[in-house]
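Novice: Dropping in query.cif, with mmCIF, C-alpha atoms.
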```
data_structure
loop_
_atom_site.label_atom_id
_atom_site.label_comp_id
_atom_site.auth_asym_id
_atom_site.auth_seq_id
_atom_site.Cartn_x
_atom_site.Cartn_y
_atom_site.Cartn_z
CA MET A 13 216.85 110.34 122.01
CA ALA A 14 215.56 111.96 118.86
CA LYS A 15 211.91 112.92 118.82
CA LEU A 16 209.45 110.79 116.90
CA LYS A 17 208.34 112.36 113.63
CA VAL A 18 204.63 112.89 113.17
CA VAL A 19 202.60 113.89 110.10
CA HIS A 20 199.21 115.34 111.04
CA TYR A 21 196.05 115.40 108.86
CA ILE A 22 193.25 117.95 109.43
CA ASN A 23 190.36 119.42 107.45
CA GLN A 24 189.81 122.94 106.12
CA PHE A 25 187.78 123.93 109.16
CA PHE A 26 190.40 123.05 111.77
CA ALA A 27 193.06 124.64 109.56
CA GLN A 28 191.02 127.86 109.83
CA ILE A 29 190.70 128.12 106.07
CA GLY A 30 186.92 128.22 106.23
CA GLY A 31 183.68 126.36 106.83
CA GLU A 32 181.43 124.61 104.35
CA GLU A 33 182.07 127.19 101.64
CA LYS A 34 185.69 125.94 101.63
CA ALA A 35 184.91 122.22 101.95
CA ASP A 36 186.10 121.73 98.36
CA TYR A 37 189.63 122.91 99.31
CA PRO A 38 192.12 120.54 97.62
CA ALA A 39 194.71 118.60 99.59
CA GLU A 40 197.75 120.62 100.61
CA LEU A 41 201.03 119.77 102.33
CA ARG A 42 202.65 122.22 104.75
CA VAL A 43 206.12 121.07 105.71
CA GLY A 44 207.41 122.22 109.09
CA GLU A 45 204.07 123.73 110.10
CA VAL A 46 201.96 122.85 113.11
CA VAL A 47 198.38 123.92 112.47
CA GLY A 48 195.24 124.14 114.66
CA PRO A 49 194.78 121.01 116.79
CA GLY A 50 198.43 120.19 116.04
CA MET A 51 199.34 122.73 118.77
CA ALA A 52 197.41 120.82 121.42
CA LEU A 53 198.88 117.54 120.18
CA THR A 54 202.38 118.98 120.35
CA GLN A 55 201.86 119.99 123.98
CA ASN A 56 200.70 116.50 124.81
CA PHE A 57 203.59 114.87 122.97
CA LYS A 58 205.84 116.58 125.55
CA ASP A 59 209.40 115.91 124.38
CA GLU A 60 208.71 112.59 122.79
CA ALA A 61 207.36 113.56 119.38
CA GLU A 62 207.00 116.50 117.02
CA ILE A 63 204.83 117.32 114.03
CA ILE A 64 207.07 117.69 111.00
CA ALA A 65 204.32 118.39 108.50
CA THR A 66 200.59 119.05 108.35
CA ILE A 67 198.30 117.91 105.55
CA ILE A 68 195.10 119.86 105.04
CA CYS A 69 192.19 118.79 102.88
CA GLY A 70 188.59 119.98 102.48
CA ASP A 71 186.04 117.37 103.60
CA SER A 72 183.98 117.47 100.41
CA TYR A 73 187.11 117.49 98.27
CA PHE A 74 188.43 114.36 99.96
CA ASN A 75 185.21 112.39 99.66
CA GLU A 76 184.38 113.52 96.13
CA ASN A 77 187.92 113.04 94.77
CA LEU A 78 188.76 110.03 96.86
CA GLU A 79 191.33 108.34 94.61
CA LYS A 80 193.27 111.50 93.77
CA ALA A 81 193.23 112.88 97.31
CA LYS A 82 194.34 109.56 98.71
CA ALA A 83 197.15 109.17 96.17
CA ASP A 84 198.45 112.73 96.69
CA ILE A 85 198.40 112.44 100.47
CA LEU A 86 200.02 108.99 100.48
CA ALA A 87 202.84 110.33 98.28
CA TRP A 88 203.45 113.24 100.67
CA VAL A 89 203.41 111.04 103.74
CA LYS A 90 205.83 108.65 102.08
CA GLU A 91 208.18 111.52 101.28
CA GLN A 92 208.02 112.84 104.87
CA ALA A 93 208.57 109.31 106.24
CA PRO A 94 207.15 109.91 109.72
CA ASP A 95 207.25 107.40 112.58
CA VAL A 96 203.53 107.79 113.09
CA PHE A 97 200.56 109.40 111.28
CA VAL A 98 197.80 111.19 113.19
CA ALA A 99 194.45 112.23 111.62
CA GLY A 100 191.88 114.51 113.24
CA PRO A 101 190.29 114.31 115.75
CA ALA A 102 187.04 114.55 113.78
CA PHE A 103 184.48 114.50 116.64
CA ASN A 104 181.02 114.07 115.03
CA ALA A 105 181.82 115.58 111.64
CA GLY A 106 180.78 112.77 109.28
CA ARG A 107 182.79 113.50 106.14
CA TYR A 108 185.83 114.49 108.20
CA GLY A 109 185.58 111.24 110.17
CA VAL A 110 185.36 109.18 107.00
CA ALA A 111 188.34 111.08 105.55
CA CYS A 112 190.41 110.54 108.72
CA GLY A 113 189.58 106.83 108.80
CA THR A 114 190.24 106.35 105.08
CA ILE A 115 193.58 108.09 105.03
CA ALA A 116 194.80 106.63 108.35
CA ALA A 117 193.94 103.11 107.18
CA ALA A 118 195.62 103.74 103.81
CA VAL A 119 198.82 105.11 105.39
CA GLN A 120 199.03 102.12 107.67
CA GLU A 121 198.25 99.52 105.05
CA GLU A 122 200.06 100.91 102.02
CA LEU A 123 203.04 102.61 103.64
CA GLY A 124 203.40 100.43 106.75
CA ILE A 125 203.46 103.53 108.96
CA PRO A 126 201.36 103.20 112.14
CA ALA A 127 198.38 105.54 112.19
CA VAL A 128 195.79 106.71 114.68
CA THR A 129 192.74 108.94 114.55
CA GLY A 130 189.98 110.07 116.88
CA MET A 131 186.23 110.69 116.58
CA TYR A 132 182.83 110.36 118.25
CA VAL A 133 181.44 106.84 118.43
CA GLU A 134 178.43 107.73 116.21
CA ASN A 135 180.59 109.22 113.46
CA PRO A 136 180.09 106.96 110.40
CA GLY A 137 183.89 106.81 110.05
CA ALA A 138 184.07 104.95 113.37
CA ASP A 139 182.16 101.85 112.29
CA MET A 140 183.88 101.89 108.92
CA PHE A 141 187.45 101.95 110.19
CA LYS A 142 187.64 100.93 113.87
CA THR A 143 188.84 97.44 113.01
CA GLN A 144 191.56 98.79 110.67
CA VAL A 145 193.16 101.58 112.70
CA TYR A 146 193.16 102.70 116.29
CA ILE A 147 190.37 105.26 116.74
CA VAL A 148 190.34 107.19 119.98
CA SER A 149 186.82 107.76 121.26
CA THR A 150 186.07 111.49 121.59
CA LYS A 151 183.17 113.72 122.54
CA ASN A 152 180.78 114.78 119.78
CA ASN A 153 182.12 118.31 119.31
CA ALA A 154 185.35 120.27 119.38
CA ALA A 155 184.77 121.30 123.00
CA GLY A 156 186.16 117.82 123.70
CA MET A 157 189.50 118.66 122.04
CA ARG A 158 191.51 118.74 125.25
CA ASP A 159 190.19 115.38 126.36
CA ALA A 160 190.72 113.93 122.86
CA VAL A 161 194.38 114.95 122.46
CA LYS A 162 195.14 113.64 125.95
CA LYS A 163 194.32 110.16 124.68
CA LEU A 164 195.45 110.63 121.08
CA ALA A 165 198.96 111.94 121.79
CA PRO A 166 200.17 109.15 124.14
CA LEU A 167 198.69 106.47 121.89
CA ALA A 168 200.47 108.01 118.88
CA VAL A 169 203.77 108.02 120.80
CA LYS A 170 203.35 104.36 121.78
CA LEU A 171 202.54 103.40 118.20
CA GLY A 172 205.48 105.42 116.89
CA LYS A 173 207.84 103.65 119.26
CA GLY A 174 206.37 100.29 118.39
CA GLU A 175 205.42 99.62 122.01
CA ALA A 176 202.74 97.14 122.96
CA ILE A 177 199.27 98.69 123.01
CA GLY A 178 197.05 97.86 126.00
CA ALA A 179 193.36 97.02 126.02
CA SER A 180 190.88 99.49 124.49
CA SER A 181 189.44 100.40 127.89
CA GLU A 182 192.92 101.38 129.17
CA GLU A 183 194.18 103.26 126.11
CA GLY A 184 190.89 104.94 125.22
CA TYR A 185 190.45 103.63 121.68
CA MET A 186 187.33 101.99 120.30
CA PRO A 187 187.25 98.22 120.65
CA ASN A 188 188.57 96.78 117.40
CA GLY A 189 187.70 93.15 117.89
CA VAL A 190 191.29 92.06 118.54
CA ARG A 191 191.51 89.64 121.46
CA VAL A 192 194.64 89.11 123.47
CA ASN A 193 195.10 86.23 125.91
CA PHE A 194 196.06 87.12 129.47
CA PHE A 195 195.61 85.83 133.01
CA GLU A 196 192.95 87.52 135.13
CA LYS A 197 193.65 87.85 138.82
CA GLU A 198 190.23 86.52 139.76
CA ARG A 199 188.61 83.43 138.32
CA GLY A 200 185.57 83.69 136.04
CA SER A 201 182.93 82.53 138.53
CA LYS A 202 183.96 85.17 141.03
CA ARG A 203 183.95 87.93 138.42
CA ALA A 204 180.54 86.86 137.16
CA VAL A 205 179.02 86.89 140.65
CA LYS A 206 180.51 90.33 141.31
CA MET A 207 179.02 91.61 138.08
CA LEU A 208 175.64 90.14 138.93
CA LEU A 209 175.67 91.77 142.36
CA LYS A 210 176.45 95.13 140.78
CA LYS A 211 173.69 94.66 138.25
CA LEU A 212 171.16 93.77 140.98
CA ALA A 213 172.19 96.88 142.90
CA ASP A 214 171.73 98.99 139.74
CA LYS A 215 175.42 99.91 139.82
CA PRO A 216 177.48 100.30 136.65
CA PHE A 217 179.40 97.20 135.59
CA GLU A 218 181.57 96.34 132.64
CA THR A 219 180.61 93.28 130.67
CA GLU A 220 183.40 91.01 129.46
CA PHE A 221 181.37 89.96 126.46
CA PRO A 222 179.59 92.84 124.76
CA MET A 223 176.96 91.82 122.24
CA PRO A 224 177.72 92.93 118.70
CA ASP A 225 175.44 95.56 117.25
CA PHE A 226 174.05 93.99 114.08
CA ASP A 227 171.26 96.33 113.27
CA ARG A 228 170.38 95.43 109.74
CA VAL A 229 166.96 95.48 108.14
CA ASP A 230 166.15 93.14 105.26
CA PRO A 231 165.15 94.85 102.01
CA ASN A 232 161.44 94.98 101.24
CA PRO A 233 160.12 93.41 98.05
CA ALA A 234 160.40 95.63 94.97
CA VAL A 235 157.59 97.84 93.74
CA LYS A 236 155.60 95.84 91.17
CA ASP A 237 153.56 98.48 89.42
CA LEU A 238 155.37 101.79 89.27
CA ALA A 239 152.72 103.39 87.08
CA HIS A 240 150.23 103.12 89.94
CA ALA A 241 152.64 103.56 92.86
CA LYS A 242 152.50 106.42 95.33
CA ILE A 243 156.05 107.69 95.88
CA ALA A 244 157.09 109.88 98.82
CA LEU A 245 160.17 112.04 99.25
CA VAL A 246 162.21 112.21 102.45
CA THR A 247 165.50 114.04 102.96
CA SER A 248 168.22 114.57 105.53
CA GLY A 249 169.35 117.57 103.45
CA GLY A 250 167.20 120.04 105.39
CA ILE A 251 164.95 121.30 102.56
CA VAL A 252 162.19 123.48 104.10
CA PRO A 253 159.74 126.15 102.94
CA LYS A 254 161.49 129.52 102.74
CA GLY A 255 161.98 131.00 106.20
CA ASN A 256 162.17 127.56 107.90
CA PRO A 257 158.76 127.95 109.63
CA ASP A 258 159.32 125.15 112.15
CA HIS A 259 162.85 126.29 113.02
CA ILE A 260 164.56 123.01 112.25
CA GLU A 261 168.05 123.39 113.70
CA SER A 262 171.01 123.69 111.32
CA SER A 263 172.74 120.92 113.28
CA SER A 264 171.78 118.38 115.96
CA ALA A 265 168.15 118.61 114.88
CA SER A 266 165.57 118.01 117.60
CA HIS A 267 162.65 117.52 115.20
CA TYR A 268 161.64 116.95 111.60
CA GLY A 269 159.29 118.84 109.30
CA GLU A 270 156.25 117.62 107.36
CA TYR A 271 155.33 119.84 104.43
CA ASP A 272 152.54 119.79 101.89
CA ILE A 273 153.61 120.04 98.25
CA ALA A 274 150.17 119.53 96.72
CA GLY A 275 150.18 121.62 93.54
CA VAL A 276 153.89 122.46 93.84
CA MET A 277 155.50 121.69 90.48
CA ASP A 278 158.98 123.05 91.08
CA LEU A 279 160.97 124.20 94.14
CA THR A 280 162.25 127.71 93.52
CA GLU A 281 164.63 130.13 95.16
CA GLU A 282 161.62 132.18 96.33
CA THR A 283 159.77 129.29 97.95
CA TYR A 284 162.23 126.76 99.39
CA GLU A 285 165.66 126.67 101.01
CA THR A 286 167.83 124.43 103.16
CA ALA A 287 168.15 124.64 106.93
CA HIS A 288 171.20 122.34 106.91
CA GLY A 289 174.38 123.81 108.40
CA GLY A 290 176.70 121.00 107.35
CA TYR A 291 177.23 121.75 103.67
CA ASP A 292 177.52 124.84 101.49
CA PRO A 293 173.85 125.92 101.19
CA VAL A 294 174.29 128.12 98.09
CA TYR A 295 173.24 125.48 95.52
CA ALA A 296 170.29 124.14 97.50
CA ASN A 297 169.03 127.67 98.21
CA GLU A 298 169.20 128.54 94.51
CA ASP A 299 167.22 125.46 93.54
CA SER A 300 166.04 122.99 96.19
CA ASP A 301 165.21 120.43 93.48
CA ARG A 302 168.94 119.74 93.57
CA VAL A 303 168.33 118.01 96.90
CA LEU A 304 164.61 117.15 96.74
CA PRO A 305 163.75 116.30 93.10
CA VAL A 306 160.11 117.48 93.08
CA ASP A 307 160.29 118.89 89.54
CA VAL A 308 161.27 115.66 87.78
CA LEU A 309 158.86 113.56 89.85
CA ARG A 310 156.03 115.90 88.81
CA ASP A 311 157.03 115.39 85.16
CA MET A 312 157.02 111.63 85.66
CA GLU A 313 153.64 111.84 87.37
CA LYS A 314 152.25 113.69 84.35
CA GLU A 315 153.78 111.18 81.95
CA GLY A 316 152.26 108.31 83.92
CA LYS A 317 155.65 106.80 84.80
CA ILE A 318 154.70 106.87 88.48
CA GLY A 319 151.21 106.80 89.96
CA GLU A 320 151.56 109.89 92.09
CA LEU A 321 153.98 111.91 94.20
CA HIS A 322 152.75 111.85 97.81
CA HIS A 323 151.53 115.33 98.81
CA LEU A 324 153.67 115.41 101.99
CA PHE A 325 157.43 115.28 102.29
CA TYR A 326 159.48 114.76 105.44
CA THR A 327 162.72 116.56 106.16
CA THR A 328 165.36 117.13 108.79
CA THR A 329 169.00 118.15 108.93
CA GLY A 330 171.30 115.14 109.21
CA ASN A 331 174.13 117.27 110.56
CA GLY A 332 175.53 115.95 113.83
CA THR A 333 172.00 114.77 114.58
CA ALA A 334 172.05 111.87 117.04
CA VAL A 335 171.33 108.44 115.61
CA ALA A 336 168.67 107.95 118.29
CA SER A 337 166.88 111.16 117.19
CA SER A 338 166.92 110.27 113.47
CA LYS A 339 165.62 106.83 114.33
CA ALA A 340 162.77 108.28 116.38
CA PHE A 341 161.87 110.81 113.64
CA ALA A 342 161.75 108.15 110.96
CA GLU A 343 159.84 105.68 113.13
CA GLU A 344 157.16 108.29 113.54
CA PHE A 345 156.86 109.55 109.98
CA SER A 346 157.14 106.04 108.51
CA LYS A 347 153.89 105.19 110.32
CA LYS A 348 152.26 108.20 108.67
CA LEU A 349 153.64 107.20 105.27
CA LYS A 350 152.30 103.71 105.76
CA ALA A 351 148.89 105.01 106.86
CA ASP A 352 148.78 107.26 103.79
CA GLY A 353 149.31 104.26 101.54
CA VAL A 354 152.76 105.23 100.28
CA ASP A 355 154.28 102.41 98.19
CA ALA A 356 157.91 103.52 98.12
CA VAL A 357 160.23 106.23 99.42
CA ILE A 358 163.09 108.10 97.81
CA LEU A 359 165.38 109.39 100.56
CA THR A 360 168.06 111.89 99.60
CA SER A 361 171.14 112.85 101.62
CA THR A 362 173.77 115.53 101.21
CA MET B 5 166.16 107.10 108.74
CA VAL B 6 166.51 104.79 105.71
CA LYS B 7 166.49 101.75 107.95
CA GLU B 8 163.41 102.86 109.87
CA VAL B 9 161.45 103.43 106.66
CA GLU B 10 162.50 99.95 105.52
CA ARG B 11 161.59 98.49 108.90
CA ALA B 12 158.11 100.00 108.57
CA GLY B 13 157.66 97.83 105.47
CA ILE B 14 158.10 100.48 102.77
CA PRO B 15 160.75 99.87 100.09
CA VAL B 16 163.19 102.76 100.12
CA VAL B 17 166.07 103.93 97.95
CA HIS B 18 168.86 106.11 99.33
CA ILE B 19 170.31 108.71 96.95
CA CYS B 20 173.60 109.99 98.38
CA THR B 21 177.08 111.03 97.34
CA VAL B 22 179.20 109.24 99.93
CA THR B 23 177.92 105.71 99.31
CA PRO B 24 180.24 104.04 101.88
CA ILE B 25 178.37 105.95 104.60
CA SER B 26 175.10 104.63 103.25
CA MET B 27 176.51 101.10 103.32
CA THR B 28 177.59 101.53 106.95
CA VAL B 29 174.25 102.97 107.93
CA GLY B 30 172.52 99.93 106.42
CA ALA B 31 170.60 101.15 103.36
CA ASN B 32 169.67 98.28 101.02
CA ARG B 33 169.05 100.13 97.75
CA ILE B 34 171.64 102.83 97.10
CA VAL B 35 172.00 105.22 94.16
CA PRO B 36 175.12 107.42 93.95
CA ALA B 37 174.57 111.17 93.63
CA ILE B 38 176.60 113.98 92.07
CA ALA B 39 178.11 115.99 94.93
CA ILE B 40 177.50 116.65 98.61
CA PRO B 41 176.00 120.17 98.35
CA HIS B 42 173.97 119.33 95.20
CA PRO B 43 173.29 115.58 95.12
CA LEU B 44 170.72 115.87 92.31
CA GLY B 45 172.03 118.82 90.39
CA ASN B 46 175.06 120.43 88.85
CA PRO B 47 175.18 124.22 88.93
CA ALA B 48 177.87 124.21 86.22
CA LEU B 49 175.31 123.07 83.63
CA ASP B 50 172.43 125.02 82.13
CA LYS B 51 168.98 124.43 83.64
CA ASP B 52 167.77 121.93 81.03
CA GLU B 53 170.92 119.81 81.11
CA GLU B 54 170.86 119.90 84.87
CA LYS B 55 167.26 118.72 84.99
CA GLU B 56 168.14 115.94 82.55
CA ILE B 57 170.85 114.64 84.92
CA ARG B 58 168.46 114.89 87.84
CA ARG B 59 165.92 112.88 85.90
CA LYS B 60 168.53 110.18 85.14
CA ILE B 61 169.29 109.79 88.84
CA VAL B 62 165.61 109.66 89.78
CA GLU B 63 165.02 107.09 87.02
CA LYS B 64 167.86 105.02 88.43
CA ALA B 65 166.29 105.32 91.88
CA LEU B 66 162.93 104.12 90.53
CA ASP B 67 164.71 101.23 88.77
CA ALA B 68 166.25 100.34 92.11
CA LEU B 69 162.84 100.38 93.76
CA THR B 70 161.43 98.02 91.14
CA THR B 71 164.39 95.62 91.38
CA GLU B 72 164.40 92.78 93.91
CA VAL B 73 167.57 92.78 96.04
CA ASP B 74 168.66 90.29 98.67
CA GLY B 75 171.20 92.50 100.39
CA GLN B 76 172.83 95.91 100.18
CA THR B 77 173.12 96.93 96.55
CA ILE B 78 174.62 100.01 94.91
CA PHE B 79 172.95 100.81 91.59
CA ASP B 80 175.80 102.42 89.68
#
```
Take the structure in the file and write it out as structure tokens.
Specialist:
Amino acid sequence: MAKLKVVHYINQFFAQIGGEEKADYPAELRVGEVVGPGMALTQNFKDEAEIIATIICGDSYFNENLEKAKADILAWVKEQAPDVFVAGPAFNAGRYGVACGTIAAAVQEELGIPAVTGMYVENPGADMFKTQVYIVSTKNNAAGMRDAVKKLAPLAVKLGKGEAIGASSEEGYMPNGVRVNFFEKERGSKRAVKMLLKKLADKPFETEFPMPDFDRVDPNPAVKDLAHAKIALVTSGGIVPKGNPDHIESSSASHYGEYDIAGVMDLTEETYETAHGGYDPVYANEDSDRVLPVDVLRDMEKEGKIGELHHLFYTTTGNGTAVASSKAFAEEFSKKLKADGVDAVILTST
Amino acid sequence: MVKEVERAGIPVVHICTVTPISMTVGANRIVPAIAIPHPLGNPALDKDEEKEIRRKIVEKALDALTTEVDGQTIFD
């Protein structure tokens, strides 16, 4: 039997073109080439499938030129006419995950070609696309490649052949909300009692009805009197005083910084920089106002448009940083902001 | 972080380039930015023009903060 044809999508990093300084690399089609993680996929396809083309695109390019990138890539995929489309895996790289989800969903919906991708459960692309395409759950960094392709390759083959896909827990993809009727071997009461016994014994058990995670916060009322309001700045873009005195990590930050900008009118190349390792730091290092707009807020303070700019700002690097950590950071500094009588916050992200 | 600030009872506006991420994360007031490595700047412009653009975005963010919303809203 002929091998299934696969088109594989990866970013500039996994194509070994470069890191953040190359994140604006435009989309490119390489026919007949297997690149980077495509090698590991190929091994795991065994004799059942082969990559006939690889599409490479910089993560920033994709997200900043969404319509063009999507249209170009869709046209190439259409021309290659694969049996299945594989994107990633993206692990915990946020823009890459969003790109993988976007393009996989588009290929499936617009071209009718089955698609699959893989990423870490906290990648923003996961929540955005898990109900639209199969997303294999991976570890949070590329050290989990081997494990990821082991799940990704067989699922891609099944999809390419049009075979029935089993439950998420068997195939290793993220639950997508699709329910399939089937007969359990044991009746419900028996399963429930078994689960309860496991729970009482502090043993792991698998619920049959997971609660959805609806963590939404209602918006607060608007600021009434801007001219007397105290505004604070917060950023996940990693802006810190030059030299990064508190050693905030360039990724997976373990803490945040609190810095005093009393009397600071403008962030300059000599005084501030970014500690963030997830985007090209050149522009932020040249002028940190590009991420943390202190200069214009000072102007507005002088003009009386706002009451005052709070003398402290809070910062961390939102690069692969765990959701639980960011939540804990913000819980803590929000209390300080509240205690300092801050009326509103401008939070910037890169 | 946006959500925790909001939860603490402080109105917050999120300025970011990839607004769909902000929507997923659960920000309520969202203002689109220019580009990932320079959300509030554009190195291709001269300093004054660049500051002017930055000011426009910050003004939009302040407008967002003074506008009542009853759900997630992108201020384009």
Novice: Report the residues retrieved by the PyMOL selection byres ((chain A) within 8 of (chain B)) from the displayed file, expressed as number ranges by chain.
Specialist: A: 72, 75-76, 136-137, 139-140, 227-236, 238, 291-293, 295-296, 301-305, 308-309, 338-339, 341-343, 346-347, 350, 354-362
Novice: Could you write out that same residue set with C-alpha atoms as an mmCIF file, in the coordinates of the input?
Specialist:
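Final output, out-v3.cif:
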```cif
data_model
loop_
_atom_site.group_PDB
_atom_site.id
_atom_site.type_symbol
_atom_site.label_atom_id
_atom_site.label_comp_id
_atom_site.auth_asym_id
_atom_site.auth_seq_id
_atom_site.Cartn_x
_atom_site.Cartn_y
_atom_site.Cartn_z
ATOM 1 C CA SER A 72 183.980 117.470 100.410
ATOM 2 C CA ASN A 75 185.210 112.390 99.660
ATOM 3 C CA GLU A 76 184.380 113.520 96.130
ATOM 4 C CA PRO A 136 180.090 106.960 110.400
ATOM 5 C CA GLY A 137 183.890 106.810 110.050
ATOM 6 C CA ASP A 139 182.160 101.850 112.290
ATOM 7 C CA MET A 140 183.880 101.890 108.920
ATOM 8 C CA ASP A 227 171.260 96.330 113.270
ATOM 9 C CA ARG A 228 170.380 95.430 109.740
ATOM 10 C CA VAL A 229 166.960 95.480 108.140
ATOM 11 C CA ASP A 230 166.150 93.140 105.260
ATOM 12 C CA PRO A 231 165.150 94.850 102.010
ATOM 13 C CA ASN A 232 161.440 94.980 101.240
ATOM 14 C CA PRO A 233 160.120 93.410 98.050
ATOM 15 C CA ALA A 234 160.400 95.630 94.970
ATOM 16 C CA VAL A 235 157.590 97.840 93.740
ATOM 17 C CA LYS A 236 155.600 95.840 91.170
ATOM 18 C CA LEU A 238 155.370 101.790 89.270
ATOM 19 C CA TYR A 291 177.230 121.750 103.670
ATOM 20 C CA ASP A 292 177.520 124.840 101.490
ATOM 21 C CA PRO A 293 173.850 125.920 101.190
ATOM 22 C CA TYR A 295 173.240 125.480 95.520
ATOM 23 C CA ALA A 296 170.290 124.140 97.500
ATOM 24 C CA ASP A 301 165.210 120.430 93.480
ATOM 25 C CA ARG A 302 168.940 119.740 93.570
ATOM 26 C CA VAL A 303 168.330 118.010 96.900
ATOM 27 C CA LEU A 304 164.610 117.150 96.740
ATOM 28 C CA PRO A 305 163.750 116.300 93.100
ATOM 29 C CA VAL A 308 161.270 115.660 87.780
ATOM 30 C CA LEU A 309 158.860 113.560 89.850
ATOM 31 C CA SER A 338 166.920 110.270 113.470
ATOM 32 C CA LYS A 339 165.620 106.830 114.330
ATOM 33 C CA PHE A 341 161.870 110.810 113.640
ATOM 34 C CA ALA A 342 161.750 108.150 110.960
ATOM 35 C CA GLU A 343 159.840 105.680 113.130
ATOM 36 C CA SER A 346 157.140 106.040 108.510
ATOM 37 C CA LYS A 347 153.890 105.190 110.320
ATOM 38 C CA LYS A 350 152.300 103.710 105.760
ATOM 39 C CA VAL A 354 152.760 105.230 100.280
ATOM 40 C CA ASP A 355 154.280 102.410 98.190
ATOM 41 C CA ALA A 356 157.910 103.520 98.120
ATOM 42 C CA VAL A 357 160.230 106.230 99.420
ATOM 43 C CA ILE A 358 163.090 108.100 97.810
ATOM 44 C CA LEU A 359 165.380 109.390 100.560
ATOM 45 C CA THR A 360 168.060 111.890 99.600
ATOM 46 C CA SER A 361 171.140 112.850 101.620
ATOM 47 C CA THR A 362 173.770 115.530 101.210
#
```
Novice: The PyMOL selection byres ((chain A and resi 63) around 12) on the file shown: which residues, as number ranges by chain?
Specialist: A: 15-21, 42-62, 64-67, 92-99, 165, 168-169
Novice: Show which residues sit within 8 Å of Asn297 in chain A, as JSON, numbers by chain. Count all atoms listed in the file, and ignore same-chain residues fewer than 6 positions away.
Specialist: {"A": [281, 284, 285, 286]}
Novice: Enumerate, as a list in words, the residues matched when the PyMOL selection byres ((chain A and resi 318) around 9) is run on the file above.
Specialist: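 This file, filtered by the PyMOL selection byres ((chain A and resi 318) around 9), leaves Asp237, Leu238, Ala239, His240, Ala241, Lys242, Ile243, Leu309, Met312, Glu313, Lys314, Glu315, Gly316, Lys317, Gly319, Glu320 and Leu321 of chain A; Leu66 of chain B.
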Novice: What would the file look like if the residues just selected were written as a PDB file, keeping the file's coordinate frame with C-alpha atoms?
Specialist:
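Resulting contents of part28.pdb:
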```pdb
ATOM      1  CA  ASP A 237     153.560  98.480  89.420  1.00  0.00           C
ATOM      2  CA  LEU A 238     155.370 101.790  89.270  1.00  0.00           C
ATOM      3  CA  ALA A 239     152.720 103.390  87.080  1.00  0.00           C
ATOM      4  CA  HIS A 240     150.230 103.120  89.940  1.00  0.00           C
ATOM      5  CA  ALA A 241     152.640 103.560  92.860  1.00  0.00           C
ATOM      6  CA  LYS A 242     152.500 106.420  95.330  1.00  0.00           C
ATOM      7  CA  ILE A 243     156.050 107.690  95.880  1.00  0.00           C
ATOM      8  CA  LEU A 309     158.860 113.560  89.850  1.00  0.00           C
ATOM      9  CA  MET A 312     157.020 111.630  85.660  1.00  0.00           C
ATOM     10  CA  GLU A 313     153.640 111.840  87.370  1.00  0.00           C
ATOM     11  CA  LYS A 314     152.250 113.690  84.350  1.00  0.00           C
ATOM     12  CA  GLU A 315     153.780 111.180  81.950  1.00  0.00           C
ATOM     13  CA  GLY A 316     152.260 108.310  83.920  1.00  0.00           C
ATOM     14  CA  LYS A 317     155.650 106.800  84.800  1.00  0.00           C
ATOM     15  CA  GLY A 319     151.210 106.800  89.960  1.00  0.00           C
ATOM     16  CA  GLU A 320     151.560 109.890  92.090  1.00  0.00           C
ATOM     17  CA  LEU A 321     153.980 111.910  94.200  1.00  0.00           C
TER      18      LEU A 321
ATOM     19  CA  LEU B  66     162.930 104.120  90.530  1.00  0.00           C
TER      20      LEU B  66
END
```
Novice: Give me the residues within 12 Å of range 212-223 of chain A as a PDB file with C-alpha atoms, in the frame of the given file, counting only C-alpha atoms and dropping any in the same chain fewer than 2 places off.
Specialist:
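Output file result.pdb is given in full below:
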```
ATOM      1  CA  SER A 181     189.440 100.400 127.890  1.00  0.00           C
ATOM      2  CA  PRO A 187     187.250  98.220 120.650  1.00  0.00           C
ATOM      3  CA  GLY A 189     187.700  93.150 117.890  1.00  0.00           C
ATOM      4  CA  ARG A 191     191.510  89.640 121.460  1.00  0.00           C
ATOM      5  CA  GLU A 196     192.950  87.520 135.130  1.00  0.00           C
ATOM      6  CA  GLY A 200     185.570  83.690 136.040  1.00  0.00           C
ATOM      7  CA  ARG A 203     183.950  87.930 138.420  1.00  0.00           C
ATOM      8  CA  ALA A 204     180.540  86.860 137.160  1.00  0.00           C
ATOM      9  CA  VAL A 205     179.020  86.890 140.650  1.00  0.00           C
ATOM     10  CA  LYS A 206     180.510  90.330 141.310  1.00  0.00           C
ATOM     11  CA  MET A 207     179.020  91.610 138.080  1.00  0.00           C
ATOM     12  CA  LEU A 208     175.640  90.140 138.930  1.00  0.00           C
ATOM     13  CA  LEU A 209     175.670  91.770 142.360  1.00  0.00           C
ATOM     14  CA  LYS A 210     176.450  95.130 140.780  1.00  0.00           C
ATOM     15  CA  ASP A 225     175.440  95.560 117.250  1.00  0.00           C
ATOM     16  CA  PHE A 226     174.050  93.990 114.080  1.00  0.00           C
ATOM     17  CA  ASP A 227     171.260  96.330 113.270  1.00  0.00           C
TER      18      ASP A 227
END
```
Novice: Can you measure CA of Ala154 in chain A to CA of Gly130 in chain A for me? One decimal in Å is fine.
Specialist: 11.5 Å
Novice: Record the distance separating CA of Ala105 in chain A and CA of Glu79 in chain A, expressed in Å with one decimal.
Specialist: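 Those two atoms sit 20.8 Å apart.
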Novice: One number please: CA of Glu298 in chain A to CA of Pro257 in chain A, in Å, one decimal.
Specialist: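 So the answer is 18.4 Å.
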Novice: Find the smallest box with edges along x, y and z containing every listed atom of range 55-69 of chain B, then add 5 Å on each side and report centre and edge lengths in Å to one decimal, as JSON.
Specialist:
```
{"center_x": 166.8, "center_y": 109.5, "center_z": 88.2, "size_x": 18.0, "size_y": 28.4, "size_z": 21.2}
```
